[in-house]
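S.K.: Below is upload_16.csv; it holds CSV, C-alpha atoms.
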chain,number,residue,atom,x,y,z
C,1,ASP,CA,0.0,0.0,0.0
C,2,GLN,CA,1.8,3.1,-1.3
C,3,GLN,CA,1.0,6.1,0.9
C,4,VAL,CA,3.1,8.4,-1.1
C,5,LYS,CA,3.0,8.2,-4.9
C,6,GLN,CA,5.0,9.9,-7.6
C,7,ASN,CA,3.3,8.7,-10.8
C,8,SER,CA,5.7,10.1,-13.3
C,9,PRO,CA,8.9,8.1,-13.4
C,10,SER,CA,10.6,10.7,-15.5
C,11,LEU,CA,10.1,14.3,-16.8
C,12,SER,CA,12.0,16.1,-19.5
C,13,VAL,CA,12.0,19.9,-19.5
C,14,GLN,CA,13.8,22.5,-21.6
C,15,GLU,CA,16.4,24.6,-19.8
C,16,GLY,CA,15.0,27.9,-18.7
C,17,ARG,CA,11.4,26.6,-18.5
C,18,ILE,CA,9.4,25.6,-15.5
C,19,SER,CA,9.7,22.0,-14.1
C,20,ILE,CA,6.7,20.7,-12.2
C,21,LEU,CA,7.0,17.5,-10.2
C,22,ASN,CA,3.9,16.0,-8.6
C,23,CYS,CA,3.2,13.9,-5.6
C,24,ASP,CA,0.0,12.4,-4.2
C,25,TYR,CA,-0.6,10.9,-0.8
C,26,THR,CA,-3.3,9.0,0.9
C,27,ASN,CA,-2.9,9.7,4.7
C,28,SER,CA,-4.5,13.0,5.7
C,29,MET,CA,-2.7,12.8,9.0
C,30,PHE,CA,0.7,13.6,7.5
C,31,ASP,CA,2.1,16.7,9.2
C,32,TYR,CA,5.0,17.7,6.9
C,33,PHE,CA,6.1,17.0,3.4
C,34,LEU,CA,9.7,17.2,2.1
C,35,TRP,CA,11.4,17.1,-1.2
C,36,TYR,CA,14.8,15.5,-1.7
C,37,LYS,CA,17.1,15.6,-4.6
C,38,LYS,CA,19.4,12.7,-5.6
C,39,TYR,CA,22.3,12.7,-8.0
C,40,PRO,CA,23.7,9.3,-9.2
C,41,ALA,CA,26.0,7.6,-6.7
C,42,GLU,CA,25.2,10.1,-4.0
C,43,GLY,CA,22.7,10.1,-1.1
C,44,PRO,CA,19.6,12.2,-1.2
C,45,THR,CA,19.9,15.8,-0.1
C,46,PHE,CA,17.2,17.9,1.4
C,47,LEU,CA,15.7,20.5,-0.8
C,48,ILE,CA,12.5,22.1,0.7
C,49,SER,CA,9.7,21.2,3.0
C,50,ILE,CA,6.2,22.4,3.8
C,51,SER,CA,4.0,22.1,6.9
C,52,SER,CA,0.5,20.8,6.5
C,53,ILE,CA,-0.9,24.1,7.8
C,54,LYS,CA,0.6,26.0,4.8
C,55,ASP,CA,-0.2,25.8,1.2
C,56,LYS,CA,3.0,27.3,-0.2
C,57,ASN,CA,6.6,27.5,0.6
C,58,GLU,CA,9.2,29.2,-1.5
C,59,ASP,CA,13.0,29.1,-1.5
C,60,GLY,CA,14.8,30.7,-4.4
C,61,ARG,CA,13.9,28.9,-7.6
C,62,PHE,CA,12.0,26.2,-5.7
C,63,THR,CA,8.4,26.4,-4.6
C,64,VAL,CA,6.3,23.7,-3.1
C,65,PHE,CA,2.5,23.9,-3.2
C,66,LEU,CA,0.2,21.8,-1.0
C,67,ASN,CA,-3.4,21.1,-1.8
C,68,LYS,CA,-4.7,19.2,1.3
C,69,SER,CA,-8.2,18.7,-0.1
C,70,ALA,CA,-6.8,16.9,-3.1
C,71,LYS,CA,-3.9,15.3,-1.0
C,72,HIS,CA,-1.5,16.6,-3.6
C,73,LEU,CA,1.7,18.5,-3.6
C,74,SER,CA,3.9,19.8,-6.3
C,75,LEU,CA,7.4,21.1,-6.6
C,76,HIS,CA,8.0,24.0,-9.1
C,77,ILE,CA,11.5,24.8,-10.3
C,78,VAL,CA,11.8,28.0,-12.3
C,79,PRO,CA,13.9,28.6,-14.3
C,80,SER,CA,15.1,25.1,-14.7
C,81,GLN,CA,18.9,24.7,-15.0
C,82,PRO,CA,21.1,21.8,-16.2
C,83,GLY,CA,22.3,21.1,-12.7
C,84,ASP,CA,18.7,20.4,-11.7
C,85,SER,CA,18.8,17.1,-13.6
C,86,ALA,CA,18.5,14.5,-10.8
C,87,VAL,CA,15.9,12.2,-9.2
C,88,TYR,CA,13.5,14.0,-7.0
C,89,PHE,CA,11.8,12.2,-4.1
C,90,CYS,CA,8.7,13.4,-2.3
C,91,ALA,CA,8.4,12.3,1.4
C,92,ALA,CA,5.8,12.6,4.0
C,93,MET,CA,6.3,12.6,7.8
C,94,ASP,CA,4.0,10.6,9.9
C,95,SER,CA,3.1,11.1,13.6
C,96,ASN,CA,6.2,9.1,14.6
C,97,TYR,CA,8.5,11.5,12.7
C,98,GLN,CA,9.2,8.7,10.2
C,99,LEU,CA,9.5,9.6,6.5
C,100,ILE,CA,7.4,7.8,4.0
C,101,TRP,CA,8.9,8.1,0.6
C,102,GLY,CA,7.6,8.2,-3.0
C,103,ALA,CA,9.4,6.2,-5.7
C,104,GLY,CA,11.0,9.3,-7.2
C,105,THR,CA,10.8,11.2,-10.5
C,106,LYS,CA,13.9,11.5,-12.8
C,107,LEU,CA,14.1,15.1,-14.0
C,108,ILE,CA,16.1,15.7,-17.2
C,109,ILE,CA,16.8,19.3,-18.2
C,110,LYS,CA,17.5,19.6,-21.9
C,111,PRO,CA,19.9,22.4,-23.0
R,1,GLU,CA,31.3,19.8,8.8
R,2,ALA,CA,32.2,16.3,7.6
R,3,GLY,CA,29.3,14.4,6.1
R,4,VAL,CA,27.9,10.9,6.8
R,5,ALA,CA,30.6,8.3,5.8
R,6,GLN,CA,29.7,4.9,4.5
R,7,SER,CA,31.8,2.0,3.4
R,8,PRO,CA,32.2,0.1,1.2
R,9,ARG,CA,30.8,2.0,-1.8
R,10,TYR,CA,30.1,-1.2,-3.7
R,11,LYS,CA,29.9,-4.8,-2.9
R,12,ILE,CA,29.1,-7.9,-5.0
R,13,ILE,CA,28.5,-11.2,-3.2
R,14,GLU,CA,26.9,-14.5,-4.0
R,15,LYS,CA,23.6,-15.5,-2.4
R,16,ARG,CA,23.8,-17.1,1.0
R,17,GLN,CA,27.0,-15.2,1.8
R,18,SER,CA,27.2,-12.6,4.5
R,19,VAL,CA,28.0,-8.9,4.2
R,20,ALA,CA,28.5,-6.0,6.5
R,21,PHE,CA,28.2,-2.2,5.9
R,22,TRP,CA,29.6,0.5,8.1
R,23,CYS,CA,28.4,4.0,8.8
R,24,ASN,CA,29.9,6.9,10.6
R,25,PRO,CA,27.3,9.7,11.2
R,26,ILE,CA,27.9,13.4,11.6
R,27,SER,CA,29.6,14.2,14.9
R,28,GLY,CA,27.1,14.9,17.6
R,29,HIS,CA,24.1,13.5,15.7
R,30,ALA,CA,22.2,11.3,18.1
R,31,THR,CA,19.9,9.7,15.6
R,32,LEU,CA,21.0,7.3,13.0
R,33,TYR,CA,19.0,5.5,10.3
R,34,TRP,CA,19.6,2.7,7.9
R,35,TYR,CA,17.5,2.7,4.7
R,36,GLN,CA,17.2,0.2,1.9
R,37,GLN,CA,16.6,1.6,-1.6
R,38,ILE,CA,15.7,-0.9,-4.3
R,39,LEU,CA,16.0,0.3,-7.9
R,40,GLY,CA,13.0,2.3,-8.9
R,41,GLN,CA,11.6,2.7,-5.4
R,42,GLY,CA,12.0,5.2,-2.6
R,43,PRO,CA,14.1,4.5,0.4
R,44,LYS,CA,12.6,2.2,3.0
R,45,LEU,CA,13.5,2.6,6.7
R,46,LEU,CA,15.1,-0.6,8.1
R,47,ILE,CA,16.1,0.6,11.5
R,48,GLN,CA,16.4,3.8,13.6
R,49,PHE,CA,18.8,4.3,16.5
R,50,GLN,CA,18.7,7.0,19.1
R,51,ASN,CA,22.2,7.1,20.6
R,52,ASN,CA,22.9,3.3,21.1
R,53,GLY,CA,19.2,2.3,21.5
R,54,VAL,CA,16.8,1.0,18.9
R,55,VAL,CA,13.8,3.3,18.3
R,56,ASP,CA,12.2,1.4,15.4
R,57,ASP,CA,13.2,-1.8,13.7
R,58,SER,CA,9.7,-2.9,12.6
R,59,GLN,CA,10.7,-3.2,8.9
R,60,LEU,CA,14.0,-5.0,9.5
R,61,PRO,CA,13.9,-8.6,8.4
R,62,LYS,CA,15.4,-9.9,11.6
R,63,ASP,CA,15.9,-13.4,10.4
R,64,ARG,CA,18.7,-12.2,8.2
R,65,PHE,CA,19.4,-8.6,9.0
R,66,SER,CA,21.0,-7.2,12.1
R,67,ALA,CA,22.4,-3.8,13.1
R,68,GLU,CA,24.2,-2.4,16.0
R,69,ARG,CA,25.4,1.0,17.3
R,70,LEU,CA,27.3,-0.1,20.3
R,71,LYS,CA,28.9,3.2,21.5
R,72,GLY,CA,26.2,5.5,20.1
R,73,VAL,CA,28.4,6.6,17.2
R,74,ASP,CA,29.4,4.3,14.4
R,75,SER,CA,26.9,1.6,13.2
R,76,THR,CA,27.1,-1.6,11.2
R,77,LEU,CA,24.4,-3.3,9.3
R,78,LYS,CA,24.8,-7.0,8.5
R,79,ILE,CA,23.0,-9.4,6.2
R,80,GLN,CA,23.4,-13.1,6.7
R,81,PRO,CA,22.6,-15.0,4.6
R,82,ALA,CA,22.0,-12.7,1.6
R,83,LYS,CA,19.3,-13.3,-0.9
R,84,LEU,CA,19.0,-12.0,-4.5
R,85,GLU,CA,16.2,-9.6,-3.4
R,86,ASP,CA,18.6,-7.9,-1.0
R,87,SER,CA,20.3,-6.2,-4.0
R,88,ALA,CA,19.8,-2.5,-3.3
R,89,VAL,CA,21.5,0.6,-2.2
R,90,TYR,CA,21.9,0.8,1.6
R,91,LEU,CA,21.8,4.3,2.8
R,92,CYS,CA,22.8,5.6,6.2
R,93,ALA,CA,21.5,8.9,7.5
R,94,SER,CA,21.8,10.9,10.7
R,95,SER,CA,20.0,13.8,12.3
R,96,PRO,CA,20.6,15.8,15.6
R,97,THR,CA,17.5,14.4,17.2
R,98,SER,CA,14.7,12.1,16.2
R,99,LEU,CA,12.2,14.9,16.5
R,100,ALA,CA,13.9,17.4,14.2
R,101,PRO,CA,14.1,16.0,10.7
R,102,LEU,CA,12.2,18.9,9.2
R,103,GLY,CA,15.5,20.2,7.7
R,104,GLY,CA,16.0,16.8,6.5
R,105,TYR,CA,18.3,14.0,7.5
R,106,THR,CA,21.9,14.0,6.1
R,107,PHE,CA,22.5,11.0,4.0
R,108,GLY,CA,25.7,9.2,3.2
R,109,SER,CA,26.5,8.2,-0.4
R,110,GLY,CA,25.3,4.7,0.2
R,111,THR,CA,26.6,1.2,-0.4
R,112,ARG,CA,25.4,-0.5,-3.6
R,113,LEU,CA,25.0,-4.2,-2.9
R,114,THR,CA,24.6,-6.7,-5.7
R,115,VAL,CA,23.7,-10.3,-4.8
R,116,VAL,CA,24.4,-12.8,-7.6
Output the file's structure as structure tokens, nothing else.

M.R.:
Amino acid sequence: DQQVKQNSPSLSVQEGRISILNCDYTNSMFDYFLWYKKYPAEGPTFLISISSIKDKNEDGRFTVFLNKSAKHLSLHIVPSQPGDSAVYFCAAMDSNYQLIWGAGTKLIIKP
Amino acid sequence: EAGVAQSPRYKIIEKRQSVAFWCNPISGHATLYWYQQILGQGPKLLIQFQNNGVVDDSQLPKDRFSAERLKGVDSTLKIQPAKLEDSAVYLCASSPTSLAPLGGYTFGSGTRLTVV
């Protein structure tokens, strides 16, 4: 039973355009949501998070939107840069402070 | 600040053999996690330590997997005997406390295990 789903295994975006990565979840009790970025042969690195009491959090080129009624969140990257090419994981924190992870979306930024 | 160190980076073993992975967390981080990431999936928590005590090992296959963190610093994860389905990247992560992962854990680079 996947509680956190990233339905797009991969996404290709032109450099300079907006990248939108999506994530759906099933448990309405999740308190926080996080996005991680992972390059090949490296561990995931924290990117941005959002509390369930907010609907938007912005950090530079990265913005995360949360739609609680739809149980959906998205990560927007604008403008997209070649260094953004990586696998992006969505994760939700449960009441035990454990992270439940999605399967990841591979983002490819085309020059 | 030095990151989370893991070794080895890669390991290939035959099924039914044993293997051990090592992790050295960031200095001062009380909480240490071992994750298993199978190709095409997100990381799955195997075990969480708070200092040298186990907080959660509910998803650790205890018939073959074991982990310890004897002095509350370094940790080892062992698989004995290994199965083909254990092929994965094993990630170690640490955080200052178990209640403050909002800024994210810090992950090591992982150990890629291939069981043939």

S.K.: Of the candidates C:Gln98, C:Thr45, C:Phe89, C:Ser8, which shows the shortest atom-to-atom distance to R:Gln48, using only C-alpha atoms?

M.R.: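 The closest residue to R:Gln48 is C:Gln98.
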
S.K.: Pick from C:Ile108, C:Ala86, C:Ile100, C:Leu73: nearest to chain R, with all atoms listed in the file counted?

M.R.: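 Nearest to chain R: C:Ile100.
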
S.K.: Do a neighbour search on stretch 18-20 of chain C at 9 Å with all atoms listed in the file, toss out local chain neighbours closer than 3 positions, and write the hits as a PDB file with C-alpha atoms, in the frame of the given file.

M.R.:
ATOM      1  CA  LEU C  11      10.100  14.300 -16.800  1.00  0.00           C
ATOM      2  CA  SER C  12      12.000  16.100 -19.500  1.00  0.00           C
ATOM      3  CA  VAL C  13      12.000  19.900 -19.500  1.00  0.00           C
ATOM      4  CA  GLN C  14      13.800  22.500 -21.600  1.00  0.00           C
ATOM      5  CA  GLU C  15      16.400  24.600 -19.800  1.00  0.00           C
ATOM      6  CA  SER C  74       3.900  19.800  -6.300  1.00  0.00           C
ATOM      7  CA  LEU C  75       7.400  21.100  -6.600  1.00  0.00           C
ATOM      8  CA  HIS C  76       8.000  24.000  -9.100  1.00  0.00           C
ATOM      9  CA  ILE C  77      11.500  24.800 -10.300  1.00  0.00           C
ATOM     10  CA  VAL C  78      11.800  28.000 -12.300  1.00  0.00           C
ATOM     11  CA  PRO C  79      13.900  28.600 -14.300  1.00  0.00           C
ATOM     12  CA  SER C  80      15.100  25.100 -14.700  1.00  0.00           C
ATOM     13  CA  LEU C 107      14.100  15.100 -14.000  1.00  0.00           C
ATOM     14  CA  ILE C 109      16.800  19.300 -18.200  1.00  0.00           C
TER      15      ILE C 109
END

S.K.: Residues at most 8 Å from R:Ile79, counting all atoms listed in the file, excluding those fewer than 3 positions away in the same chain, as a compact mmCIF listing (two decimals) with C-alpha atoms, in the frame of the given file?

M.R.:
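Generated output (selection-v5.txt):
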# COMPACT_ATOMS: atom_id res chain seq x y z
CA SER R 18 27.20 -12.60 4.50
CA VAL R 19 28.00 -8.90 4.20
CA ALA R 20 28.50 -6.00 6.50
CA ARG R 64 18.70 -12.20 8.20
CA PHE R 65 19.40 -8.60 9.00
CA SER R 66 21.00 -7.20 12.10
CA ALA R 82 22.00 -12.70 1.60

S.K.: Using all atoms listed in the file, what table do you get, as JSON lines, when you list each residue of chain R with an atom no more than 6 Å from chain C, its nearest pair of atoms, and their distance in Å rounded to one decimal, rows by chain then rising number?

M.R.:
{"residue": "R:Gln41", "atom": "CA", "partner": "C:Ala103", "partner_atom": "CA", "distance": 4.1}
{"residue": "R:Gly42", "atom": "CA", "partner": "C:Ala103", "partner_atom": "CA", "distance": 4.2}
{"residue": "R:Gly104", "atom": "CA", "partner": "C:Phe46", "partner_atom": "CA", "distance": 5.4}
{"residue": "R:Phe107", "atom": "CA", "partner": "C:Gly43", "partner_atom": "CA", "distance": 5.2}
{"residue": "R:Gly108", "atom": "CA", "partner": "C:Gly43", "partner_atom": "CA", "distance": 5.3}
{"residue": "R:Ser109", "atom": "CA", "partner": "C:Glu42", "partner_atom": "CA", "distance": 4.3}

S.K.: Find the residues near R:Ile47: any atom within 6 Å, counting all atoms listed in the file, skip ones fewer than 6 places away on the same chain, and give them as a list in words.

M.R.: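 Here the qualifying residues turn out to be Tyr33, Trp34, Asp56 and Asp57 of chain R.
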
S.K.: Just the number, please: distance in Å from atom CA of C:Phe62 to atom CA of R:Leu91, one decimal.

M.R.: 25.5 Å
